[in-house]
file run.pdb (PDB, C-alpha atoms, pLDDT in the B column)
MODEL        1
ATOM      1  CA  MET A   1      27.693  78.053  19.422  1.00 55.00           C
ATOM      2  CA  ARG A   2      28.170  74.304  19.070  1.00 59.00           C
ATOM      3  CA  ILE A   3      29.659  74.077  22.556  1.00 56.00           C
ATOM      4  CA  LEU A   4      26.736  76.089  23.872  1.00 51.00           C
ATOM      5  CA  SER A   5      24.216  73.673  22.322  1.00 56.00           C
ATOM      6  CA  VAL A   6      26.006  70.690  23.858  1.00 51.00           C
ATOM      7  CA  LEU A   7      26.000  72.502  27.215  1.00 50.00           C
ATOM      8  CA  VAL A   8      22.264  73.189  26.957  1.00 47.00           C
ATOM      9  CA  LEU A   9      21.676  69.532  26.077  1.00 48.00           C
ATOM     10  CA  VAL A  10      23.706  68.365  29.081  1.00 50.00           C
ATOM     11  CA  ILE A  11      21.932  70.754  31.461  1.00 49.00           C
ATOM     12  CA  SER A  12      18.479  69.862  30.149  1.00 50.00           C
ATOM     13  CA  SER A  13      19.270  66.146  30.544  1.00 51.00           C
ATOM     14  CA  ILE A  14      20.404  66.668  34.107  1.00 50.00           C
ATOM     15  CA  ALA A  15      17.355  68.748  34.888  1.00 47.00           C
ATOM     16  CA  SER A  16      14.969  66.012  33.741  1.00 54.00           C
ATOM     17  CA  PRO A  17      16.573  62.774  34.854  1.00 58.00           C
ATOM     18  CA  LEU A  18      13.712  60.306  34.464  1.00 61.00           C
ATOM     19  CA  ALA A  19      14.031  58.848  31.002  1.00 62.00           C
ATOM     20  CA  ILE A  20      10.914  58.326  28.937  1.00 57.00           C
ATOM     21  CA  ALA A  21      10.713  55.250  26.753  1.00 57.00           C
ATOM     22  CA  ASP A  22       7.207  55.614  25.372  1.00 64.00           C
ATOM     23  CA  ASP A  23       8.212  54.201  21.977  1.00 89.00           C
ATOM     24  CA  SER A  24       8.992  50.807  23.525  1.00 93.00           C
ATOM     25  CA  LYS A  25       6.201  48.260  23.711  1.00 94.00           C
ATOM     26  CA  ILE A  26       5.567  44.666  24.684  1.00 97.00           C
ATOM     27  CA  GLU A  27       2.922  42.310  23.417  1.00 96.00           C
ATOM     28  CA  ILE A  28       2.358  38.963  25.113  1.00 96.00           C
ATOM     29  CA  ILE A  29       0.773  36.887  22.373  1.00 96.00           C
ATOM     30  CA  SER A  30       0.155  33.809  24.493  1.00 92.00           C
ATOM     31  CA  PRO A  31      -0.958  32.728  26.984  1.00 94.00           C
ATOM     32  CA  ALA A  32      -3.789  35.215  27.320  1.00 94.00           C
ATOM     33  CA  ASP A  33      -4.246  37.110  30.547  1.00 95.00           C
ATOM     34  CA  GLY A  34      -6.214  34.893  32.942  1.00 94.00           C
ATOM     35  CA  ALA A  35      -5.492  31.707  30.936  1.00 94.00           C
ATOM     36  CA  LYS A  36      -5.571  28.328  32.613  1.00 94.00           C
ATOM     37  CA  LEU A  37      -2.495  26.201  31.938  1.00 93.00           C
ATOM     38  CA  ASP A  38      -2.096  22.457  32.130  1.00 90.00           C
ATOM     39  CA  ALA A  39       0.294  21.432  34.906  1.00 88.00           C
ATOM     40  CA  MET A  40       1.443  18.474  32.794  1.00 87.00           C
ATOM     41  CA  GLU A  41       2.494  20.638  29.861  1.00 86.00           C
ATOM     42  CA  GLN A  42       5.447  22.975  29.449  1.00 86.00           C
ATOM     43  CA  SER A  43       4.439  26.579  29.939  1.00 89.00           C
ATOM     44  CA  LYS A  44       5.593  28.693  27.070  1.00 92.00           C
ATOM     45  CA  ILE A  45       5.206  32.441  26.694  1.00 95.00           C
ATOM     46  CA  GLU A  46       5.103  33.979  23.220  1.00 96.00           C
ATOM     47  CA  TYR A  47       5.961  37.628  22.906  1.00 97.00           C
ATOM     48  CA  ASN A  48       6.681  40.463  20.538  1.00 97.00           C
ATOM     49  CA  VAL A  49       8.730  43.421  21.744  1.00 97.00           C
ATOM     50  CA  THR A  50       9.588  46.747  20.156  1.00 95.00           C
ATOM     51  CA  LEU A  51      12.592  48.514  21.605  1.00 95.00           C
ATOM     52  CA  GLY A  52      12.561  52.297  21.799  1.00 90.00           C
ATOM     53  CA  GLY A  53      15.139  54.788  23.010  1.00 84.00           C
ATOM     54  CA  GLY A  54      17.315  53.576  25.870  1.00 85.00           C
ATOM     55  CA  ALA A  55      15.955  50.032  25.627  1.00 93.00           C
ATOM     56  CA  ASP A  56      18.318  47.122  25.069  1.00 93.00           C
ATOM     57  CA  HIS A  57      16.781  43.739  25.935  1.00 95.00           C
ATOM     58  CA  ILE A  58      14.091  42.113  28.088  1.00 96.00           C
ATOM     59  CA  HIS A  59      13.851  40.298  31.403  1.00 96.00           C
ATOM     60  CA  VAL A  60      11.176  37.714  32.227  1.00 96.00           C
ATOM     61  CA  TYR A  61       9.769  37.477  35.756  1.00 96.00           C
ATOM     62  CA  VAL A  62       7.584  34.814  37.331  1.00 95.00           C
ATOM     63  CA  ASP A  63       5.887  35.909  40.553  1.00 96.00           C
ATOM     64  CA  GLY A  64       8.287  38.841  40.819  1.00 94.00           C
ATOM     65  CA  LYS A  65      11.414  36.708  40.492  1.00 93.00           C
ATOM     66  CA  GLU A  66      13.614  37.223  37.447  1.00 93.00           C
ATOM     67  CA  THR A  67      13.909  33.966  35.509  1.00 93.00           C
ATOM     68  CA  ALA A  68      15.392  34.895  32.151  1.00 93.00           C
ATOM     69  CA  LEU A  69      17.191  37.477  30.084  1.00 93.00           C
ATOM     70  CA  LEU A  70      16.202  37.518  26.434  1.00 95.00           C
ATOM     71  CA  ARG A  71      17.755  39.416  23.557  1.00 94.00           C
ATOM     72  CA  GLN A  72      15.443  38.075  20.877  1.00 95.00           C
ATOM     73  CA  MET A  73      12.657  40.587  20.431  1.00 95.00           C
ATOM     74  CA  LYS A  74      10.103  38.229  18.939  1.00 96.00           C
ATOM     75  CA  GLY A  75       9.771  34.628  19.919  1.00 95.00           C
ATOM     76  CA  SER A  76       8.905  32.327  22.757  1.00 96.00           C
ATOM     77  CA  TYR A  77      10.349  31.348  26.101  1.00 95.00           C
ATOM     78  CA  THR A  78       9.705  28.095  27.926  1.00 94.00           C
ATOM     79  CA  MET A  79       9.294  28.765  31.618  1.00 91.00           C
ATOM     80  CA  GLU A  80      10.436  26.486  34.410  1.00 87.00           C
ATOM     81  CA  THR A  81       7.709  24.156  35.600  1.00 87.00           C
ATOM     82  CA  LEU A  82       5.098  26.220  37.369  1.00 91.00           C
ATOM     83  CA  SER A  83       3.503  24.893  40.532  1.00 91.00           C
ATOM     84  CA  MET A  84      -0.268  24.519  40.760  1.00 93.00           C
ATOM     85  CA  GLY A  85      -2.111  27.731  41.431  1.00 95.00           C
ATOM     86  CA  LYS A  86      -2.065  31.326  40.312  1.00 96.00           C
ATOM     87  CA  HIS A  87       1.060  32.986  38.940  1.00 96.00           C
ATOM     88  CA  GLU A  88       2.022  36.337  37.515  1.00 97.00           C
ATOM     89  CA  VAL A  89       4.330  36.414  34.497  1.00 97.00           C
ATOM     90  CA  CYS A  90       5.893  39.719  33.488  1.00 97.00           C
ATOM     91  CA  ILE A  91       8.168  40.928  30.727  1.00 97.00           C
ATOM     92  CA  LYS A  92      10.117  44.113  31.376  1.00 97.00           C
ATOM     93  CA  ILE A  93      12.214  46.084  28.932  1.00 97.00           C
ATOM     94  CA  VAL A  94      15.592  46.999  30.419  1.00 96.00           C
ATOM     95  CA  ASN A  95      18.515  49.176  29.368  1.00 94.00           C
ATOM     96  CA  LYS A  96      22.136  48.095  28.782  1.00 92.00           C
ATOM     97  CA  ASN A  97      22.748  48.157  32.534  1.00 93.00           C
ATOM     98  CA  HIS A  98      19.782  45.778  33.148  1.00 95.00           C
ATOM     99  CA  THR A  99      17.639  48.520  34.645  1.00 95.00           C
ATOM    100  CA  PRO A 100      13.884  48.344  33.922  1.00 96.00           C
ATOM    101  CA  ILE A 101      13.027  51.446  31.916  1.00 94.00           C
ATOM    102  CA  GLY A 102       9.389  51.463  33.007  1.00 93.00           C
ATOM    103  CA  VAL A 103       7.821  49.533  30.135  1.00 96.00           C
ATOM    104  CA  GLU A 104       6.406  46.182  31.178  1.00 96.00           C
ATOM    105  CA  ARG A 105       3.565  43.796  30.455  1.00 97.00           C
ATOM    106  CA  CYS A 106       2.201  41.296  32.969  1.00 97.00           C
ATOM    107  CA  ILE A 107      -0.322  38.503  32.716  1.00 97.00           C
ATOM    108  CA  LYS A 108      -1.893  36.281  35.314  1.00 97.00           C
ATOM    109  CA  VAL A 109      -2.182  32.556  34.663  1.00 96.00           C
ATOM    110  CA  GLU A 110      -3.533  29.657  36.648  1.00 95.00           C
ATOM    111  CA  VAL A 111      -1.904  26.250  36.541  1.00 94.00           C
ATOM    112  CA  GLU A 112      -4.257  23.319  37.173  1.00 91.00           C
TER
ATOM    113  CA  MET B   1      24.431  64.817  16.432  1.00 49.00           C
ATOM    114  CA  THR B   2      22.466  63.107  19.170  1.00 53.00           C
ATOM    115  CA  LEU B   3      24.315  62.898  22.439  1.00 62.00           C
ATOM    116  CA  ASP B   4      22.948  60.215  24.723  1.00 85.00           C
ATOM    117  CA  ILE B   5      23.903  61.547  28.138  1.00 90.00           C
ATOM    118  CA  GLN B   6      22.838  58.373  29.878  1.00 91.00           C
ATOM    119  CA  ASN B   7      25.125  56.147  27.789  1.00 91.00           C
ATOM    120  CA  LEU B   8      27.880  58.728  28.101  1.00 94.00           C
ATOM    121  CA  ALA B   9      27.562  58.554  31.892  1.00 96.00           C
ATOM    122  CA  TYR B  10      27.752  54.742  31.820  1.00 96.00           C
ATOM    123  CA  ALA B  11      30.746  54.886  29.448  1.00 96.00           C
ATOM    124  CA  ILE B  12      32.682  57.366  31.594  1.00 97.00           C
ATOM    125  CA  THR B  13      31.975  55.244  34.668  1.00 98.00           C
ATOM    126  CA  GLN B  14      33.150  52.145  32.771  1.00 97.00           C
ATOM    127  CA  ILE B  15      36.401  53.908  31.818  1.00 98.00           C
ATOM    128  CA  VAL B  16      37.057  54.844  35.458  1.00 98.00           C
ATOM    129  CA  HIS B  17      36.143  51.301  36.566  1.00 97.00           C
ATOM    130  CA  ASN B  18      38.509  49.741  33.995  1.00 97.00           C
ATOM    131  CA  PHE B  19      41.413  51.934  35.049  1.00 97.00           C
ATOM    132  CA  GLY B  20      40.665  51.068  38.675  1.00 97.00           C
ATOM    133  CA  ALA B  21      40.989  47.389  37.727  1.00 97.00           C
ATOM    134  CA  VAL B  22      44.318  48.045  36.023  1.00 97.00           C
ATOM    135  CA  THR B  23      45.528  49.874  39.134  1.00 97.00           C
ATOM    136  CA  VAL B  24      44.641  47.164  41.661  1.00 97.00           C
ATOM    137  CA  VAL B  25      46.158  44.320  39.629  1.00 97.00           C
ATOM    138  CA  GLY B  26      49.082  46.238  38.115  1.00 97.00           C
ATOM    139  CA  GLY B  27      50.030  47.849  41.441  1.00 97.00           C
ATOM    140  CA  ALA B  28      50.047  44.521  43.277  1.00 97.00           C
ATOM    141  CA  VAL B  29      52.016  42.741  40.539  1.00 97.00           C
ATOM    142  CA  TYR B  30      54.607  45.537  40.421  1.00 97.00           C
ATOM    143  CA  ALA B  31      54.949  45.418  44.218  1.00 96.00           C
ATOM    144  CA  LEU B  32      55.721  41.711  43.969  1.00 95.00           C
ATOM    145  CA  LEU B  33      58.467  42.429  41.453  1.00 95.00           C
ATOM    146  CA  ARG B  34      60.063  45.319  43.386  1.00 92.00           C
ATOM    147  CA  ARG B  35      60.944  44.819  47.040  1.00 85.00           C
ATOM    148  CA  GLU B  36      62.000  48.341  48.116  1.00 91.00           C
ATOM    149  CA  ALA B  37      59.980  49.285  51.215  1.00 89.00           C
ATOM    150  CA  GLU B  38      59.469  52.921  50.204  1.00 91.00           C
ATOM    151  CA  LEU B  39      58.276  51.990  46.722  1.00 94.00           C
ATOM    152  CA  GLN B  40      55.949  49.353  48.153  1.00 93.00           C
ATOM    153  CA  ARG B  41      54.457  51.989  50.443  1.00 93.00           C
ATOM    154  CA  LYS B  42      53.717  54.215  47.452  1.00 96.00           C
ATOM    155  CA  LEU B  43      52.235  51.253  45.628  1.00 97.00           C
ATOM    156  CA  ALA B  44      50.057  50.478  48.663  1.00 97.00           C
ATOM    157  CA  TRP B  45      48.610  54.010  48.393  1.00 97.00           C
ATOM    158  CA  ILE B  46      48.009  53.522  44.672  1.00 98.00           C
ATOM    159  CA  VAL B  47      46.338  50.126  45.186  1.00 98.00           C
ATOM    160  CA  LEU B  48      44.262  51.552  48.054  1.00 98.00           C
ATOM    161  CA  ALA B  49      43.106  54.345  45.738  1.00 98.00           C
ATOM    162  CA  GLY B  50      42.433  51.755  43.026  1.00 98.00           C
ATOM    163  CA  TRP B  51      40.090  49.756  45.257  1.00 98.00           C
ATOM    164  CA  MET B  52      38.327  52.954  46.314  1.00 98.00           C
ATOM    165  CA  ILE B  53      37.845  53.850  42.653  1.00 97.00           C
ATOM    166  CA  GLN B  54      36.514  50.343  41.982  1.00 97.00           C
ATOM    167  CA  ALA B  55      33.968  50.589  44.787  1.00 97.00           C
ATOM    168  CA  PHE B  56      32.920  54.130  43.913  1.00 97.00           C
ATOM    169  CA  SER B  57      32.609  53.554  40.168  1.00 98.00           C
ATOM    170  CA  GLY B  58      30.800  50.246  40.743  1.00 97.00           C
ATOM    171  CA  ALA B  59      28.253  52.023  42.908  1.00 97.00           C
ATOM    172  CA  THR B  60      27.981  54.767  40.293  1.00 98.00           C
ATOM    173  CA  PHE B  61      26.607  52.263  37.746  1.00 97.00           C
ATOM    174  CA  GLY B  62      23.687  51.677  40.109  1.00 96.00           C
ATOM    175  CA  ALA B  63      23.378  55.370  40.877  1.00 97.00           C
ATOM    176  CA  ILE B  64      23.070  56.291  37.180  1.00 97.00           C
ATOM    177  CA  SER B  65      20.289  53.724  36.761  1.00 96.00           C
ATOM    178  CA  TYR B  66      18.515  55.107  39.812  1.00 96.00           C
ATOM    179  CA  TYR B  67      18.929  58.668  38.577  1.00 96.00           C
ATOM    180  CA  TYR B  68      17.326  57.918  35.217  1.00 94.00           C
ATOM    181  CA  TYR B  69      14.726  55.279  36.120  1.00 94.00           C
ATOM    182  CA  ALA B  70      14.385  55.410  39.935  1.00 95.00           C
ATOM    183  CA  LYS B  71      15.334  51.729  39.895  1.00 95.00           C
ATOM    184  CA  PHE B  72      18.500  49.715  40.367  1.00 95.00           C
ATOM    185  CA  PRO B  73      19.665  47.123  37.816  1.00 95.00           C
ATOM    186  CA  ASP B  74      17.908  43.739  37.966  1.00 94.00           C
ATOM    187  CA  LEU B  75      20.461  40.964  38.249  1.00 93.00           C
ATOM    188  CA  PHE B  76      19.837  37.317  38.967  1.00 90.00           C
ATOM    189  CA  GLY B  77      21.534  33.948  39.334  1.00 90.00           C
ATOM    190  CA  ILE B  78      25.270  33.742  38.639  1.00 93.00           C
ATOM    191  CA  ALA B  79      25.443  37.482  37.971  1.00 94.00           C
ATOM    192  CA  VAL B  80      24.406  38.220  41.567  1.00 95.00           C
ATOM    193  CA  VAL B  81      27.096  35.853  42.879  1.00 96.00           C
ATOM    194  CA  ALA B  82      29.696  37.536  40.640  1.00 97.00           C
ATOM    195  CA  LEU B  83      28.657  40.972  41.912  1.00 97.00           C
ATOM    196  CA  ILE B  84      28.892  39.832  45.544  1.00 97.00           C
ATOM    197  CA  VAL B  85      32.381  38.412  44.872  1.00 98.00           C
ATOM    198  CA  LYS B  86      33.432  41.779  43.379  1.00 97.00           C
ATOM    199  CA  VAL B  87      32.101  43.701  46.371  1.00 97.00           C
ATOM    200  CA  VAL B  88      33.844  41.354  48.841  1.00 98.00           C
ATOM    201  CA  CYS B  89      37.108  41.646  46.855  1.00 98.00           C
ATOM    202  CA  ALA B  90      36.863  45.453  46.969  1.00 98.00           C
ATOM    203  CA  GLY B  91      36.262  45.405  50.723  1.00 98.00           C
ATOM    204  CA  LEU B  92      39.122  42.997  51.416  1.00 98.00           C
ATOM    205  CA  GLY B  93      41.452  44.704  48.935  1.00 98.00           C
ATOM    206  CA  PHE B  94      40.848  48.115  50.467  1.00 97.00           C
ATOM    207  CA  THR B  95      41.368  46.756  53.984  1.00 97.00           C
ATOM    208  CA  LEU B  96      44.540  44.874  53.110  1.00 97.00           C
ATOM    209  CA  ALA B  97      46.054  47.776  51.160  1.00 97.00           C
ATOM    210  CA  GLY B  98      45.298  50.057  54.127  1.00 96.00           C
ATOM    211  CA  TRP B  99      46.847  47.520  56.474  1.00 94.00           C
ATOM    212  CA  GLN B 100      50.006  47.538  54.345  1.00 93.00           C
ATOM    213  CA  LEU B 101      50.262  51.254  55.089  1.00 93.00           C
ATOM    214  CA  ILE B 102      49.461  51.188  58.796  1.00 92.00           C
ATOM    215  CA  ALA B 103      51.054  48.018  60.136  1.00 87.00           C
ATOM    216  CA  HIS B 104      54.816  47.626  60.553  1.00 80.00           C
ATOM    217  CA  ARG B 105      55.331  44.224  59.062  1.00 80.00           C
ATOM    218  CA  THR B 106      58.127  41.933  58.008  1.00 88.00           C
ATOM    219  CA  GLU B 107      59.101  41.620  54.383  1.00 87.00           C
ATOM    220  CA  VAL B 108      57.700  38.080  54.263  1.00 91.00           C
ATOM    221  CA  SER B 109      54.278  39.071  55.604  1.00 92.00           C
ATOM    222  CA  ARG B 110      54.230  42.090  53.254  1.00 92.00           C
ATOM    223  CA  ARG B 111      54.918  39.744  50.375  1.00 94.00           C
ATOM    224  CA  TYR B 112      52.049  37.446  51.353  1.00 95.00           C
ATOM    225  CA  ALA B 113      49.791  40.486  51.563  1.00 96.00           C
ATOM    226  CA  TRP B 114      50.785  41.559  48.032  1.00 97.00           C
ATOM    227  CA  ILE B 115      50.160  38.039  46.730  1.00 97.00           C
ATOM    228  CA  THR B 116      46.702  38.169  48.346  1.00 98.00           C
ATOM    229  CA  LEU B 117      46.050  41.622  46.885  1.00 98.00           C
ATOM    230  CA  CYS B 118      47.097  40.325  43.489  1.00 97.00           C
ATOM    231  CA  GLY B 119      44.717  37.378  43.857  1.00 98.00           C
ATOM    232  CA  LEU B 120      41.852  39.643  44.932  1.00 98.00           C
ATOM    233  CA  GLY B 121      42.421  41.828  41.868  1.00 97.00           C
ATOM    234  CA  VAL B 122      42.453  38.845  39.525  1.00 97.00           C
ATOM    235  CA  LEU B 123      39.343  37.397  41.187  1.00 97.00           C
ATOM    236  CA  ALA B 124      37.500  40.720  40.917  1.00 97.00           C
ATOM    237  CA  LEU B 125      38.456  41.043  37.242  1.00 96.00           C
ATOM    238  CA  SER B 126      37.342  37.477  36.541  1.00 96.00           C
ATOM    239  CA  SER B 127      34.044  38.095  38.325  1.00 96.00           C
ATOM    240  CA  ALA B 128      33.557  41.197  36.199  1.00 95.00           C
ATOM    241  CA  ALA B 129      33.708  39.023  33.084  1.00 94.00           C
ATOM    242  CA  VAL B 130      31.158  36.611  34.587  1.00 93.00           C
ATOM    243  CA  LEU B 131      28.935  39.535  35.580  1.00 93.00           C
ATOM    244  CA  ARG B 132      29.189  40.956  32.075  1.00 89.00           C
ATOM    245  CA  TRP B 133      28.259  37.771  30.229  1.00 88.00           C
ATOM    246  CA  PHE B 134      25.843  36.149  32.676  1.00 85.00           C
ATOM    247  CA  SER B 135      23.608  39.178  33.039  1.00 80.00           C
TER
ENDMDL
END
call {"tool": "encode", "arguments": {"input": "run.pdb", "output": "structure tokens"}}
result
Amino acid sequence: MRILSVLVLVISSIASPLAIADDSKIEIISPADGAKLDAMEQSKIEYNVTLGGGADHIHVYVDGKETALLRQMKGSYTMETLSMGKHEVCIKIVNKNHTPIGVERCIKVEVE
Amino acid sequence: MTLDIQNLAYAITQIVHNFGAVTVVGGAVYALLRREAELQRKLAWIVLAGWMIQAFSGATFGAISYYYYAKFPDLFGIAVVALIVKVVCAGLGFTLAGWQLIAHRTEVSRRYAWITLCGLGVLALSSAAVLRWFS
């Protein structure tokens, strides 16, 4: 009976491959979406992340390019100097193999 | 008991990948210690299989990610370089081990090939450590 339950679990997992991580969430505390940043100041992103099933750590992306891997789930990250203009900053939750699990939060900022 | 199939898949792949690493380095080192032609031929088959296992299991890590999330792992910086080094080592190692089997070569050239295979194995293993801790 126990073997049968394991078998059912294996088959059901194979049948529905796409993992759901709806209990993971990301909050970007600052800057706010659409914020204008000073080009002369360091750009820092403050965040708060909750990891759900399958989640392991987070990656930070600036304009689609990965810039950091963070294992601290609440804190801040100082970005490399951003050029003048509009930028998109994203945080994605990834699994142990660094694969985005589908939970992400993006903001747009403008450096002037 | 909760059985995480995804982690189990990664773990099994990691086991296969680790044994592949043992095979490519161990086989080449043993071939350097023993000079019998027939034994070296057998070891060339084993090392060839080892590099195939390395390539296949390495690709399987990406395949598992794609299967579960329809995405490949996101690597950047030094980790990407380390992965490229591993892939190149696997390609060269497979080619050289195959060449050991096909070509009729002198003992000296066979020895140089085993030294190179040994170096490729060590380099791939070292890159794996870099990939692990810089990603």
call {"tool": "resolve_selection", "arguments": {"input": "run.pdb", "expression": "the PyMOL selection byres ((chain A and resi 49-56) around 7)", "output": "PyMOL selection string"}}
result
chain A and resi 21+23-27+47-48+57+73-74+93-96
call {"tool": "atom_distance", "arguments": {"input": "run.pdb", "atom1": "atom CA of Val85 of chain B", "atom2": "atom CA of Leu123 of chain B"}}
result
7.9 Å
call {"tool": "closest_atom_pairs", "arguments": {"input": "run.pdb", "of": "chain B", "to": "chain A", "cutoff": "12 Å", "atoms": "all atoms listed in the file", "output": "CSV"}}
result
residue,atom,partner,partner_atom,distance
B:Met1,CA,A:Val6,CA,9.6
B:Thr2,CA,A:Leu9,CA,9.5
B:Leu3,CA,A:Leu9,CA,8.0
B:Asp4,CA,A:Gly54,CA,8.8
B:Ile5,CA,A:Val10,CA,6.9
B:Gln6,CA,A:Gly54,CA,8.3
B:Asn7,CA,A:Gly54,CA,8.4
B:Leu8,CA,A:Val10,CA,10.5
B:Ala9,CA,A:Val10,CA,10.9
B:Tyr10,CA,A:Asn97,CA,8.3
B:Ala11,CA,A:Asn97,CA,10.9
B:Thr13,CA,A:Asn97,CA,11.8
B:Gln14,CA,A:Asn97,CA,11.1
B:Gly58,CA,A:Asn97,CA,11.7
B:Thr60,CA,A:Asn97,CA,11.5
B:Phe61,CA,A:Asn97,CA,7.7
B:Gly62,CA,A:Asn97,CA,8.4
B:Ala63,CA,A:Thr99,CA,10.9
B:Ile64,CA,A:Asn97,CA,9.4
B:Ser65,CA,A:Thr99,CA,6.2
B:Tyr66,CA,A:Thr99,CA,8.4
B:Tyr67,CA,A:Pro17,CA,6.0
B:Tyr68,CA,A:Leu18,CA,4.4
B:Tyr69,CA,A:Leu18,CA,5.4
B:Ala70,CA,A:Leu18,CA,7.4
B:Lys71,CA,A:Thr99,CA,6.6
B:Phe72,CA,A:Thr99,CA,5.9
B:Pro73,CA,A:Thr99,CA,4.0
B:Asp74,CA,A:His98,CA,5.6
B:Leu75,CA,A:His98,CA,7.0
B:Phe76,CA,A:Glu66,CA,6.4
B:Gly77,CA,A:Thr67,CA,8.5
B:Ile78,CA,A:Thr67,CA,11.8
B:Ala79,CA,A:His98,CA,11.1
B:Val80,CA,A:Glu66,CA,11.6
B:Leu131,CA,A:Asn97,CA,11.0
B:Arg132,CA,A:Asn97,CA,9.7
B:Trp133,CA,A:Leu69,CA,11.1
B:Phe134,CA,A:Leu69,CA,9.1
B:Ser135,CA,A:Leu69,CA,7.3
call {"tool": "atom_distance", "arguments": {"input": "run.pdb", "atom1": "atom CA of Glu88 of chain A", "atom2": "atom CA of Ile84 of chain B"}}
result
28.3 Å
call {"tool": "atom_distance", "arguments": {"input": "run.pdb", "atom1": "atom CA of Tyr77 of chain A", "atom2": "atom CA of Ser30 of chain A"}}
result
10.6 Å
call {"tool": "resolve_selection", "arguments": {"input": "run.pdb", "expression": "the PyMOL selection byres ((chain B and resi 25-30) around 10)", "output": "ChimeraX atom specification"}}
result
/B:20-24,31-35,39-40,42-48,50-51,97,111,113-125
call {"tool": "closest_residue", "arguments": {"input": "run.pdb", "among": "B:Val87, B:Leu92, B:Ala129, B:Ile102", "to": "Gln54 of chain B", "atoms": "only C-alpha atoms"}}
result
B:Val87
call {"tool": "resolve_selection", "arguments": {"input": "run.pdb", "expression": "the PyMOL selection byres ((chain A and resi 33) around 10)", "output": "list in words"}}
result
Ile28, Ile29, Ser30, Pro31, Ala32, Gly34, Ala35, Lys36, Glu88, Val89, Cys106, Ile107, Lys108, Val109 and Glu110 of chain A
call {"tool": "closest_residue", "arguments": {"input": "run.pdb", "among": "B:Ala49, B:Ala82, B:Ala37, B:Val16", "to": "Arg110 of chain B", "atoms": "only C-alpha atoms"}}
result
B:Ala37
call {"tool": "closest_residue", "arguments": {"input": "run.pdb", "among": "A:Val62, A:Ala39, A:Leu70, A:Ile45", "to": "Ser83 of chain A", "atoms": "only C-alpha atoms"}}
result
A:Ala39
